[in-house]
file start_20.pdb (PDB, C-alpha atoms)
ATOM      1  CA  MET A1373     -40.083  -1.484  39.138
ATOM      2  CA  ALA A1374     -37.380  -3.927  38.146
ATOM      3  CA  ASN A1375     -38.242  -7.426  37.083
ATOM      4  CA  SER A1376     -36.838  -9.650  39.841
ATOM      5  CA  SER A1377     -36.430 -12.639  37.511
ATOM      6  CA  ASN A1378     -34.229 -10.729  35.060
ATOM      7  CA  PRO A1379     -30.791  -9.871  36.517
ATOM      8  CA  PHE A1380     -30.079  -7.546  33.569
ATOM      9  CA  ASP A1381     -33.075  -5.288  34.093
ATOM     10  CA  PHE A1382     -31.747  -1.884  35.146
ATOM     11  CA  SER A1383     -34.909   0.086  34.493
ATOM     12  CA  ASP A1384     -34.920   1.463  38.061
ATOM     13  CA  PHE A1385     -31.685   3.298  37.298
ATOM     14  CA  GLN A1386     -32.870   5.013  34.124
ATOM     15  CA  SER A1387     -33.977   8.597  34.162
ATOM     16  CA  PRO A1388     -36.471   9.485  31.499
ATOM     17  CA  GLY A1389     -35.085  12.347  29.494
ATOM     18  CA  PRO A1390     -36.016  14.135  26.299
ATOM     19  CA  ASN A1391     -33.741  11.886  24.202
ATOM     20  CA  SER A1392     -34.475   8.604  26.000
ATOM     21  CA  PRO A1393     -36.098   5.842  23.941
ATOM     22  CA  PRO A1394     -39.687   4.907  24.722
ATOM     23  CA  GLN A1395     -40.134   2.436  27.529
ATOM     24  CA  GLY A1396     -40.763  -1.015  26.097
ATOM     25  CA  ASP A1397     -41.728  -4.353  27.504
ATOM     26  CA  GLN A1398     -39.564  -4.641  30.618
ATOM     27  CA  SER A1399     -39.690  -8.423  30.640
ATOM     28  CA  ARG A1400     -37.938  -8.654  27.238
ATOM     29  CA  GLY A1401     -34.827  -6.517  27.581
ATOM     30  CA  GLY A1402     -36.237  -3.258  28.933
ATOM     31  CA  SER A1403     -35.338  -0.078  27.088
ATOM     32  CA  PHE A1404     -32.603  -1.954  25.266
ATOM     33  CA  GLY A1405     -35.278  -3.173  22.863
ATOM     34  CA  HIS A1406     -35.901  -6.532  21.324
ATOM     35  CA  SER A1407     -33.086  -8.213  19.487
ATOM     36  CA  SER A1408     -31.756 -11.585  18.579
ATOM     37  CA  ALA A1409     -30.005 -11.445  21.924
ATOM     38  CA  ASP A1410     -33.290 -12.300  23.659
ATOM     39  CA  SER A1411     -33.256 -15.958  24.557
ATOM     40  CA  THR A1412     -36.148 -18.326  23.952
ATOM     41  CA  ASP A1413     -37.294 -18.230  27.591
ATOM     42  CA  GLY A1414     -37.961 -14.506  27.450
ATOM     43  CA  GLY A1415     -34.838 -13.376  29.355
ATOM     44  CA  PHE A1416     -31.865 -11.467  28.068
ATOM     45  CA  ASP A1417     -28.929 -13.609  26.872
ATOM     46  CA  PRO A1418     -25.703 -11.572  27.191
ATOM     47  CA  PHE A1419     -23.717 -14.074  25.116
ATOM     48  CA  ALA A1420     -26.107 -14.269  22.158
ATOM     49  CA  THR A1421     -24.441 -11.493  20.148
ATOM     50  CA  THR A1422     -20.858 -12.627  20.784
ATOM     51  CA  GLY A1423     -20.998 -15.343  18.163
ATOM     52  CA  VAL A1424     -20.036 -18.126  20.514
ATOM     53  CA  GLY A1425     -23.522 -19.516  21.064
ATOM     54  CA  SER A1426     -23.658 -22.031  23.840
ATOM     55  CA  GLN A1427     -19.924 -21.668  24.609
ATOM     56  CA  PRO A1428     -19.631 -18.356  26.472
ATOM     57  CA  PHE A1429     -15.849 -18.651  26.845
ATOM     58  CA  GLY A1430     -15.002 -19.458  23.225
ATOM     59  CA  SER A1431     -14.179 -22.600  21.384
ATOM     60  CA  SER A1432     -12.861 -25.609  23.225
ATOM     61  CA  GLU A1433     -10.589 -26.422  20.275
ATOM     62  CA  PRO A1434      -7.111 -24.876  20.625
ATOM     63  CA  ASP A1435      -5.912 -22.603  17.844
ATOM     64  CA  TYR A1436      -2.289 -23.490  17.208
ATOM     65  CA  GLY A1437      -1.840 -20.918  14.477
ATOM     66  CA  ARG A1438      -2.064 -17.915  16.804
ATOM     67  CA  SER A1439       0.856 -16.351  18.586
ATOM     68  CA  ASP A1440       1.312 -16.092  22.325
ATOM     69  CA  GLY A1441       1.514 -12.826  24.258
ATOM     70  CA  PHE A1442       5.196 -12.383  23.391
ATOM     71  CA  GLY A1443       4.802 -12.528  19.611
ATOM     72  CA  GLN A1444       6.071 -16.087  19.307
ATOM     73  CA  ARG A1445       4.170 -18.749  17.412
ATOM     74  CA  SER A1446       2.677 -21.364  19.700
ATOM     75  CA  SER A1447       3.873 -24.906  19.123
ATOM     76  CA  ALA A1448       1.628 -27.552  17.665
ATOM     77  CA  PRO A1449       0.967 -30.897  19.340
ATOM     78  CA  GLY A1450       3.584 -33.489  18.605
ATOM     79  CA  ILE A1451       6.545 -31.141  18.974
ATOM     80  CA  PRO A1452       8.586 -32.336  21.960
ATOM     81  CA  PHE A1453       8.880 -30.086  24.990
ATOM     82  CA  ASN A1454      12.314 -28.496  25.388
ATOM     83  CA  ASP A1455      13.458 -29.735  28.773
ATOM     84  CA  GLU A1456      17.083 -28.606  28.477
ATOM     85  CA  THR A1457      18.481 -26.688  31.423
ATOM     86  CA  ALA A1458      19.460 -23.144  30.486
ATOM     87  CA  SER A1459      22.552 -21.608  32.010
ATOM     88  CA  SER A1460      24.164 -18.212  32.401
ATOM     89  CA  PRO A1461      25.805 -16.973  29.166
ATOM     90  CA  VAL A1462      29.365 -16.739  30.492
ATOM     91  CA  LEU A1463      30.834 -15.971  27.049
ATOM     92  CA  TRP A1464      29.576 -12.364  27.170
ATOM     93  CA  CYS A1465      30.959 -11.922  30.663
ATOM     94  CA  ALA A1466      34.338 -13.375  29.615
ATOM     95  CA  LEU A1467      34.508 -11.055  26.594
ATOM     96  CA  ALA A1468      33.732  -8.078  28.832
ATOM     97  CA  GLY A1469      36.532  -9.142  31.190
ATOM     98  CA  VAL A1470      38.987  -9.439  28.305
ATOM     99  CA  ALA A1471      37.983  -5.962  27.060
ATOM    100  CA  ALA A1472      38.429  -4.444  30.528
ATOM    101  CA  VAL A1473      41.850  -6.054  31.062
ATOM    102  CA  ALA A1474      42.911  -5.084  27.515
ATOM    103  CA  GLY A1475      41.936  -1.475  28.246
ATOM    104  CA  ILE A1476      44.079  -1.422  31.367
ATOM    105  CA  ALA A1477      46.976  -3.076  29.518
ATOM    106  CA  LEU A1478      46.753  -0.604  26.630
ATOM    107  CA  ALA A1479      46.888   2.350  28.993
ATOM    108  CA  TYR A1480      49.629   0.893  31.222
ATOM    109  CA  PHE A1481      52.002  -0.244  28.503
ATOM    110  CA  GLY A1482      51.410   2.829  26.399
ATOM    111  CA  LEU A1483      52.098   5.295  29.239
ATOM    112  CA  SER A1484      53.808   7.796  27.032
ATOM    113  CA  SER A1485      51.117   7.746  24.350
ATOM    114  CA  THR A1486      47.793   9.480  24.917
ATOM    115  CA  ALA A1487      46.258   7.558  22.018
ATOM    116  CA  PHE A1488      46.738   4.323  23.977
ATOM    117  CA  ALA A1489      45.058   5.912  27.001
ATOM    118  CA  PHE A1490      42.043   6.877  24.872
ATOM    119  CA  ALA A1491      41.938   3.397  23.320
ATOM    120  CA  GLY A1492      42.199   1.822  26.773
ATOM    121  CA  TRP A1493      39.379   4.030  28.058
ATOM    122  CA  ALA A1494      37.169   2.984  25.106
ATOM    123  CA  ALA A1495      37.949  -0.704  25.662
ATOM    124  CA  ALA A1496      37.498  -0.679  29.445
ATOM    125  CA  GLY A1497      34.525   1.688  29.355
ATOM    126  CA  PRO A1498      31.931   1.550  26.585
ATOM    127  CA  LEU A1499      33.083  -1.757  25.107
ATOM    128  CA  ALA A1500      33.289  -3.704  28.391
ATOM    129  CA  ILE A1501      30.076  -2.190  29.771
ATOM    130  CA  GLY A1502      28.298  -2.876  26.461
ATOM    131  CA  LEU A1503      29.392  -6.515  26.590
ATOM    132  CA  LEU A1504      28.161  -6.758  30.181
ATOM    133  CA  ALA A1505      24.829  -5.324  29.027
ATOM    134  CA  ALA A1506      24.666  -8.012  26.314
ATOM    135  CA  HIS A1507      25.429 -10.588  29.015
ATOM    136  CA  THR A1508      22.574  -9.271  31.167
ATOM    137  CA  MET A1509      20.095  -9.319  28.267
ATOM    138  CA  SER A1510      21.097 -12.843  27.280
ATOM    139  CA  ASP A1511      20.983 -13.996  30.904
ATOM    140  CA  THR A1512      17.468 -12.598  31.270
ATOM    141  CA  LYS A1513      16.365 -14.574  28.202
ATOM    142  CA  GLN A1514      17.930 -17.715  29.660
ATOM    143  CA  ARG A1515      16.169 -17.163  32.994
ATOM    144  CA  ALA A1516      12.818 -17.007  31.201
ATOM    145  CA  LYS A1517      13.202 -20.612  30.013
ATOM    146  CA  PRO A1518      11.440 -23.399  31.927
ATOM    147  CA  PHE A1519      14.630 -24.699  33.541
ATOM    148  CA  TYR A1520      17.523 -22.439  34.532
ATOM    149  CA  SER A1521      20.601 -23.202  36.570
ATOM    150  CA  GLN A1522      23.290 -20.601  37.156
ATOM    151  CA  PRO A1523      26.754 -21.748  38.241
ATOM    152  CA  GLY A1524      27.736 -20.463  41.662
ATOM    153  CA  TRP A1525      30.713 -18.542  40.289
ATOM    154  CA  ALA A1526      28.747 -16.693  37.558
ATOM    155  CA  ALA A1527      27.283 -13.883  39.694
ATOM    156  CA  PRO A1528      30.552 -13.007  41.500
ATOM    157  CA  THR A1529      32.380 -13.087  38.155
ATOM    158  CA  TYR A1530      29.966 -10.505  36.771
ATOM    159  CA  TRP A1531      30.700  -8.123  39.656
ATOM    160  CA  VAL A1532      34.480  -8.691  39.411
ATOM    161  CA  VAL A1533      34.417  -7.892  35.682
ATOM    162  CA  LEU A1534      32.366  -4.765  36.393
ATOM    163  CA  ALA A1535      34.879  -3.664  39.053
ATOM    164  CA  VAL A1536      37.820  -4.278  36.691
ATOM    165  CA  ALA A1537      36.054  -2.213  34.025
ATOM    166  CA  PHE A1538      35.556   0.672  36.482
ATOM    167  CA  ILE A1539      39.191   0.470  37.546
ATOM    168  CA  GLY A1540      40.242   0.522  33.892
ATOM    169  CA  VAL A1541      38.055   3.536  33.140
ATOM    170  CA  GLY A1542      39.409   5.345  36.200
ATOM    171  CA  PHE A1543      43.046   4.562  35.353
ATOM    172  CA  CYS A1544      42.648   5.614  31.718
ATOM    173  CA  SER A1545      40.772   8.756  32.732
ATOM    174  CA  TRP A1546      43.561   9.661  35.132
ATOM    175  CA  LEU A1547      46.139   9.288  32.337
ATOM    176  CA  ILE A1548      44.028  11.373  29.967
ATOM    177  CA  ALA A1549      43.527  14.068  32.627
ATOM    178  CA  ASP A1550      47.275  14.064  33.361
ATOM    179  CA  TRP A1551      48.000  14.519  29.675
ATOM    180  CA  ALA A1552      45.440  17.340  29.394
ATOM    181  CA  ALA A1553      46.886  19.123  32.463
ATOM    182  CA  ARG A1554      50.451  19.057  31.069
ATOM    183  CA  ARG A1555      49.600  20.535  27.674
TER     184      ARG A1555
END

call {"tool": "encode", "arguments": {"input": "start_20.pdb", "output": "structure tokens"}}
result
Amino acid sequence: MANSSNPFDFSDFQSPGPNSPPQGDQSRGGSFGHSSADSTDGGFDPFATTGVGSQPFGSSEPDYGRSDGFGQRSSAPGIPFNDETASSPVLWCALAGVAAVAGIALAYFGLSSTAFAFAGWAAAGPLAIGLLAAHTMSDTKQRAKPFYSQPGWAAPTYWVVLAVAFIGVGFCSWLIADWAARR
């Protein structure tokens, strides 16, 4: 029968088997045996073997040398809190727009040259989309900061640049397909 004063006594749920340890004094830890984990009042102390003693949830002193969950070092007291407002990284979006427009311009003004159509496709396609991906990654990092404020025109600009890049890829692809069909 379980000891009603010991909440960690699970002797009712044990089945004696050929390899089970001998039944000991149920008031001092049951079949788990006697160890330094037994407290002075005769009951089982689940925190005795964790090394924290009377502080079951660890030390109350902060450890500033450890890193946080993201691999960054935690800041020590005395370092001022960064209260700057982060914003959308519009430089990446602007560079992607320039690459997309340059791709269209290369293909349009080099109509007779297939090399310009391939260069325009590369600029409007992989280059512009890659720069938009860099913009998205940088914007996500900015959004993770404590204070973030995106200008109202930043989100529509992203979608306009993406549309221009798709138009550039389509136009350059059409020129390349026209060249391939006429060979």

call {"tool": "resolve_selection", "arguments": {"input": "start_20.pdb", "expression": "the PyMOL selection byres ((chain A and resi 1538) around 12)", "output": "PyMOL selection string"}}
result
chain A and resi 1468-1469+1471-1473+1475-1476+1492-1501+1531-1537+1539-1545

call {"tool": "atom_distance", "arguments": {"input": "start_20.pdb", "atom1": "atom CA of His1507 of chain A", "atom2": "atom CA of Gln1522 of chain A"}}
result
13.1 Å

call {"tool": "resolve_selection", "arguments": {"input": "start_20.pdb", "expression": "the PyMOL selection byres ((chain A and resi 1461) around 9)", "output": "PyMOL selection string"}}
result
chain A and resi 1458-1460+1462-1465+1507-1508+1510-1511+1514+1526

call {"tool": "closest_residue", "arguments": {"input": "start_20.pdb", "among": "A:Ser1383, A:Ser1485, A:Ser1521, A:Thr1529", "to": "Asp1550 of chain A", "atoms": "only C-alpha atoms"}}
result
A:Ser1485

call {"tool": "closest_residue", "arguments": {"input": "start_20.pdb", "among": "A:Leu1547, A:Leu1504, A:Ala1466, A:Ala1516", "to": "Ala1479 of chain A", "atoms": "only C-alpha atoms"}}
result
A:Leu1547

call {"tool": "closest_residue", "arguments": {"input": "start_20.pdb", "among": "A:Trp1525, A:Asp1384, A:Lys1513, A:Ile1548", "to": "Phe1488 of chain A", "atoms": "only C-alpha atoms"}}
result
A:Ile1548

call {"tool": "atom_distance", "arguments": {"input": "start_20.pdb", "atom1": "atom CA of Phe1481 of chain A", "atom2": "atom CA of Tyr1530 of chain A"}}
result
25.7 Å

call {"tool": "atom_distance", "arguments": {"input": "start_20.pdb", "atom1": "atom CA of Ala1549 of chain A", "atom2": "atom CA of Val1470 of chain A"}}
result
24.3 Å

call {"tool": "axis_aligned_box", "arguments": {"input": "start_20.pdb", "around": "segment 1506-1524 of chain A", "padding_each_side": "6 Å", "output": "JSON"}}
result
{"center_x": 19.6, "center_y": -16.4, "center_z": 34.0, "size_x": 28.3, "size_y": 28.7, "size_z": 27.3}

call {"tool": "closest_residue", "arguments": {"input": "start_20.pdb", "among": "A:Phe1380, A:Leu1483, A:Ala1477, A:Thr1457", "to": "Trp1546 of chain A", "atoms": "all atoms listed in the file"}}
result
A:Leu1483

call {"tool": "closest_residue", "arguments": {"input": "start_20.pdb", "among": "A:Phe1385, A:Ala1487, A:Leu1467, A:Pro1518", "to": "Ala1506 of chain A", "atoms": "all atoms listed in the file"}}
result
A:Leu1467

call {"tool": "build_atoms", "arguments": {"input": "start_20.pdb", "residues": "segment 1501-1514 of chain A", "atoms": "N, CA and C atoms", "output": "mmCIF file, keeping the file's coordinate frame"}}
result
data_model
loop_
_atom_site.group_PDB
_atom_site.id
_atom_site.type_symbol
_atom_site.label_atom_id
_atom_site.label_comp_id
_atom_site.auth_asym_id
_atom_site.auth_seq_id
_atom_site.Cartn_x
_atom_site.Cartn_y
_atom_site.Cartn_z
ATOM 1 N N ILE A 1501 31.410 -2.375 29.205
ATOM 2 C CA ILE A 1501 30.076 -2.190 29.771
ATOM 3 C C ILE A 1501 29.012 -2.649 28.782
ATOM 4 N N GLY A 1502 29.235 -2.394 27.484
ATOM 5 C CA GLY A 1502 28.298 -2.876 26.461
ATOM 6 C C GLY A 1502 28.236 -4.393 26.419
ATOM 7 N N LEU A 1503 29.386 -5.047 26.563
ATOM 8 C CA LEU A 1503 29.392 -6.515 26.590
ATOM 9 C C LEU A 1503 28.719 -7.051 27.855
ATOM 10 N N LEU A 1504 28.880 -6.349 28.964
ATOM 11 C CA LEU A 1504 28.161 -6.758 30.181
ATOM 12 C C LEU A 1504 26.657 -6.558 30.022
ATOM 13 N N ALA A 1505 26.253 -5.525 29.294
ATOM 14 C CA ALA A 1505 24.829 -5.324 29.027
ATOM 15 C C ALA A 1505 24.290 -6.451 28.149
ATOM 16 N N ALA A 1506 25.074 -6.869 27.149
ATOM 17 C CA ALA A 1506 24.666 -8.012 26.314
ATOM 18 C C ALA A 1506 24.568 -9.280 27.152
ATOM 19 N N HIS A 1507 25.489 -9.439 28.101
ATOM 20 C CA HIS A 1507 25.429 -10.588 29.015
ATOM 21 C C HIS A 1507 24.140 -10.556 29.832
ATOM 22 N N THR A 1508 23.783 -9.388 30.344
ATOM 23 C CA THR A 1508 22.574 -9.271 31.167
ATOM 24 C C THR A 1508 21.322 -9.563 30.350
ATOM 25 N N MET A 1509 21.260 -9.049 29.121
ATOM 26 C CA MET A 1509 20.095 -9.319 28.267
ATOM 27 C C MET A 1509 19.994 -10.812 27.946
ATOM 28 N N SER A 1510 21.106 -11.420 27.601
ATOM 29 C CA SER A 1510 21.097 -12.843 27.280
ATOM 30 C C SER A 1510 20.769 -13.688 28.514
ATOM 31 N N ASP A 1511 21.274 -13.269 29.670
ATOM 32 C CA ASP A 1511 20.983 -13.996 30.904
ATOM 33 C C ASP A 1511 19.502 -13.900 31.256
ATOM 34 N N THR A 1512 18.900 -12.754 31.009
ATOM 35 C CA THR A 1512 17.468 -12.598 31.270
ATOM 36 C C THR A 1512 16.654 -13.515 30.371
ATOM 37 N N LYS A 1513 17.050 -13.647 29.106
ATOM 38 C CA LYS A 1513 16.365 -14.574 28.202
ATOM 39 C C LYS A 1513 16.524 -16.020 28.671
ATOM 40 N N GLN A 1514 17.705 -16.356 29.164
ATOM 41 C CA GLN A 1514 17.930 -17.715 29.660
ATOM 42 C C GLN A 1514 17.088 -17.990 30.913
#
